[in-house]
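Student: Shown below is the structure under consideration.
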Amino acid sequence: MTESTGISILHVDDDSAFAGLTSEMLSKQAPQFTVEIVMSPSEGLERLDTTDFDCIVSDYQMPHQDGIEFLDAVREDYQNLPFILYTGEGSEAVASDAIAAGVTDYLQKGSGMGHYAVLANKIRNAVESYRQRERLQASHDRLRQIIDMLPQLVFAKNEVGEFLLANKDTADAYGATVSELEGSTDADFADNKIEVEQFR
């Protein structure tokens with residue numbers, strides 16, 4: 001990721017003074033960051049409905065809904081969007097709950113430029129990983145569209161014989177769906193062997 005690549009951040013924290021300071025410090029750490037501050041999880045969900053963000057940075061202890069509950073709500077519609085829990089609560093229980101809920105990363109609040117450098121680095125890493133996964137998925141989807149249009153059985157296997165990729169015609173020949181076939185081997189469909197051989 002180059003320094004010119006913009007990263008839009010939704011920062012959710014009911015402490016406006018701390019949120020403002022965090023936004024200012026992040027901008028100093030990484031000029032490519034754009035930070036939008038909201039004061040509550042409900043407002044955060046509203047912003048997600050109307051605006052695309054690259055990362056969420058959320059407090060834990062907030063009125064009406066804590067950071068874990070907010071994370072649960074976000075994950076209902078945005079399963080992979082980077083979410084960093086940034087909290088004054090440093091207990092192992094909070095960290096454990098955050099991991100179970102699908103948090104991308106976790107950082108206890110602190111002070112000093114070094115602390116904000118750590119937060120900025122976590123954001124960069126989370127967003128870059130997210131963008132790489134999105135690019136890989138887009139490439140996979142394009143490949144899937146191409147092989148599904150081919151009028152014959154098309155598939156790829158790894159060294160142990162597992163299907164890495166297969167088109168619908170191949171799956172039909174095995175009496176399975178594409179998702180059932182991928183990750184399986186011929187042995188998993190032994191009962192369909194005669195039918196498959198007829199297609200080859």
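Each chain of the structure tokens is named A, B, ... in the order shown, its residues numbered from 1; ligands are numbered from 1 in display order.
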Neighbouring residues of Phe83 in chain A were defined as those with any atom within 7 Å, considering only C-alpha atoms; residues of the same chain fewer than 5 positions away were excluded. Please report them as a list in words.
Tutor: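 Skipping anything fewer than 5 positions along the chain leaves Cys55, Ile56, Val57, Val103, Thr104 and Asp105 of chain A.
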Student: I need the residues in range 136-165 of chain A that are helix (DSSP H, G or I) according to DSSP; give them as number ranges by chain.
Tutor: A: 136-149
Student: Compile a residue-level contact table for range 118-152 of chain A against range 174-192 of chain A at a cut-off of 12 Å, reporting for every qualifying residue the shortest atom pair and its distance in Å to one decimal, with only C-alpha atoms counted, rows ordered by chain and ascending number, as a tab-separated table.
Tutor:
residue	atom	partner	partner_atom	distance
A:Arg144	CA	A:Val178	CA	10.4
A:Ile147	CA	A:Val178	CA	11.9
A:Asp148	CA	A:Val178	CA	10.4
Student: Taking the chain letters and numbering used in this document, name the residues of range 36-77 of chain A that DSSP puts in strand (DSSP E), as a list in words.
Tutor: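 So the strand (DSSP E) residues in range 36-77 of chain A would be Glu36, Ile37, Val38, Cys55, Ile56, Val57 and Ser58 of chain A.
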Student: Keeping C-alpha atoms, export the residues of the selection given above as a PDB file, in the first residue's frame.
Tutor:
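Okay, selection_21.pdb is ready:
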ATOM      1  CA  GLU A  36     -15.132  10.605  10.580  1.00  0.00           C
ATOM      2  CA  ILE A  37     -16.284  10.717  14.203  1.00  0.00           C
ATOM      3  CA  VAL A  38     -19.676   9.610  15.508  1.00  0.00           C
ATOM      4  CA  CYS A  55     -12.024   0.559   8.764  1.00  0.00           C
ATOM      5  CA  ILE A  56     -13.977   1.041  11.996  1.00  0.00           C
ATOM      6  CA  VAL A  57     -12.239   2.089  15.215  1.00  0.00           C
ATOM      7  CA  SER A  58     -14.616   1.759  18.148  1.00  0.00           C
TER       8      SER A  58
END
Student: What is the distance between CA of Glu92 in chain A and CA of Asn125 in chain A, in Å to one decimal?
Tutor: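 Answer for the CA of Glu92 in chain A to CA of Asn125 in chain A separation: 22.9 Å.
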Student: Quick one: residues within 8 Å of Tyr130 in chain A, only C-alpha atoms counted, chain neighbours fewer than 5 positions away excluded, as an NGL selection string?
Tutor: :A and (80-82)
Student: Would you kindly return, as JSON, numbers by chain, each protein, DNA or RNA residue with an atom no farther than 12 Å from any atom of Glu24 in chain A, considering only C-alpha atoms and excluding same-chain residues fewer than 4 positions away?
Tutor: {"A": [11, 17, 18, 19, 20, 28, 29, 30, 31, 33, 34, 35, 36, 37, 113, 116, 120]}
Student: To one decimal place in Å, what is the distance between CA of Ala101 in chain A and CA of Glu43 in chain A?
Tutor: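 That distance, rounded to one decimal, is 20.2 Å.
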Student: Which residue out of A:Lys109, A:Ser27, A:His64, A:Glu76 has the minimum interatomic distance to Met39 in chain A when only C-alpha atoms are used?
Tutor: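 Checking each candidate against Met39 in chain A, we get A:His64 as the closest.
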Student: Which of these residues is nearest to Ile68 in chain A, using only C-alpha atoms: A:Leu45, A:Ala117, A:Met25, A:Ala98?
Tutor: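 Once distances to Ile68 in chain A are computed over only C-alpha atoms, the minimum belongs to A:Ala98.
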Student: Within 8 Å of Glu89 in chain A, counting only C-alpha atoms, which residues qualify if same-chain residues fewer than 3 places away don't, as a PyMOL selection string?
Tutor: chain A and resi 60-61+94+108
Student: Could you turn the residues from that selection into a file that holds N, CA, C and O atoms, as a PDB file, in the first residue's frame?
Tutor:
ATOM      1  N   TYR A  60     -15.068   0.768  23.573  1.00  0.00           N
ATOM      2  CA  TYR A  60     -15.820  -0.348  24.163  1.00  0.00           C
ATOM      3  C   TYR A  60     -16.942   0.155  25.072  1.00  0.00           C
ATOM      4  O   TYR A  60     -18.106  -0.181  24.893  1.00  0.00           O
ATOM      5  N   GLN A  61     -16.596   0.966  26.061  1.00  0.00           N
ATOM      6  CA  GLN A  61     -17.561   1.386  27.079  1.00  0.00           C
ATOM      7  C   GLN A  61     -18.348   2.590  26.585  1.00  0.00           C
ATOM      8  O   GLN A  61     -17.879   3.723  26.601  1.00  0.00           O
ATOM      9  N   VAL A  94     -12.755  -8.901  28.011  1.00  0.00           N
ATOM     10  CA  VAL A  94     -13.164  -8.049  26.910  1.00  0.00           C
ATOM     11  C   VAL A  94     -12.465  -8.481  25.625  1.00  0.00           C
ATOM     12  O   VAL A  94     -13.093  -8.597  24.561  1.00  0.00           O
ATOM     13  N   GLN A 108      -5.624  -1.277  23.651  1.00  0.00           N
ATOM     14  CA  GLN A 108      -6.020  -0.507  24.825  1.00  0.00           C
ATOM     15  C   GLN A 108      -5.562   0.939  24.655  1.00  0.00           C
ATOM     16  O   GLN A 108      -4.469   1.209  24.170  1.00  0.00           O
TER      17      GLN A 108
END
Student: Near Leu165 in chain A, within 8 Å and counting only C-alpha atoms, which residues show up once chain neighbours fewer than 4 positions away are dropped, as an MDAnalysis selection string?
Tutor: chainID A and resid 155:157 182
Student: Could you please take those selected residues and save all heavy atoms as a PDB file, in the first residue's frame?
Tutor:
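Written output follows (selection-v2.pdb):
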ATOM      1  N   PHE A 155     -11.771 -28.265 -14.147  1.00  0.00           N
ATOM      2  CA  PHE A 155     -11.472 -28.294 -12.719  1.00  0.00           C
ATOM      3  C   PHE A 155      -9.966 -28.257 -12.498  1.00  0.00           C
ATOM      4  O   PHE A 155      -9.180 -28.517 -13.415  1.00  0.00           O
ATOM      5  CB  PHE A 155     -12.071 -29.540 -12.044  1.00  0.00           C
ATOM      6  CG  PHE A 155     -11.584 -30.849 -12.609  1.00  0.00           C
ATOM      7  CD1 PHE A 155     -10.435 -31.457 -12.122  1.00  0.00           C
ATOM      8  CD2 PHE A 155     -12.280 -31.462 -13.639  1.00  0.00           C
ATOM      9  CE1 PHE A 155      -9.995 -32.662 -12.639  1.00  0.00           C
ATOM     10  CE2 PHE A 155     -11.842 -32.669 -14.165  1.00  0.00           C
ATOM     11  CZ  PHE A 155     -10.698 -33.270 -13.671  1.00  0.00           C
ATOM     12  N   ALA A 156      -9.580 -27.942 -11.284  1.00  0.00           N
ATOM     13  CA  ALA A 156      -8.171 -27.979 -10.882  1.00  0.00           C
ATOM     14  C   ALA A 156      -8.090 -28.672  -9.532  1.00  0.00           C
ATOM     15  O   ALA A 156      -8.968 -28.489  -8.678  1.00  0.00           O
ATOM     16  CB  ALA A 156      -7.605 -26.565 -10.778  1.00  0.00           C
ATOM     17  N   LYS A 157      -7.045 -29.503  -9.372  1.00  0.00           N
ATOM     18  CA  LYS A 157      -6.843 -30.218  -8.113  1.00  0.00           C
ATOM     19  C   LYS A 157      -5.464 -29.891  -7.539  1.00  0.00           C
ATOM     20  O   LYS A 157      -4.552 -29.514  -8.273  1.00  0.00           O
ATOM     21  CB  LYS A 157      -6.944 -31.730  -8.332  1.00  0.00           C
ATOM     22  CG  LYS A 157      -8.318 -32.235  -8.717  1.00  0.00           C
ATOM     23  CD  LYS A 157      -8.300 -33.760  -8.860  1.00  0.00           C
ATOM     24  CE  LYS A 157      -9.675 -34.314  -9.208  1.00  0.00           C
ATOM     25  NZ  LYS A 157      -9.661 -35.791  -9.320  1.00  0.00           N
ATOM     26  N   GLU A 182     -15.690 -28.596  -4.283  1.00  0.00           N
ATOM     27  CA  GLU A 182     -14.423 -27.943  -3.963  1.00  0.00           C
ATOM     28  C   GLU A 182     -14.007 -28.261  -2.532  1.00  0.00           C
ATOM     29  O   GLU A 182     -14.781 -28.103  -1.595  1.00  0.00           O
ATOM     30  CB  GLU A 182     -14.534 -26.439  -4.197  1.00  0.00           C
ATOM     31  CG  GLU A 182     -14.665 -26.105  -5.682  1.00  0.00           C
ATOM     32  CD  GLU A 182     -14.858 -24.638  -5.977  1.00  0.00           C
ATOM     33  OE1 GLU A 182     -15.109 -23.855  -5.040  1.00  0.00           O
ATOM     34  OE2 GLU A 182     -14.764 -24.262  -7.155  1.00  0.00           O
TER      35      GLU A 182
END
Student: Could you work out how far CA of Tyr106 in chain A lies from CA of Tyr86 in chain A, giving the answer in Å with one decimal?
Tutor: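 These atoms are spaced 6.1 Å apart.
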Student: Which of these, A:Asp13, A:Glu128, A:Asp172, A:Asp72, has the shortest distance to Gly44 in chain A once you count only C-alpha atoms?
Tutor: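 Closest to Gly44 in chain A, using only C-alpha atoms: A:Asp13.
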Student: With distances taken over only C-alpha atoms, which of A:Ala100, A:Thr51, A:Ala166, A:Arg124 is nearest to Thr5 in chain A?
Tutor: A:Arg124
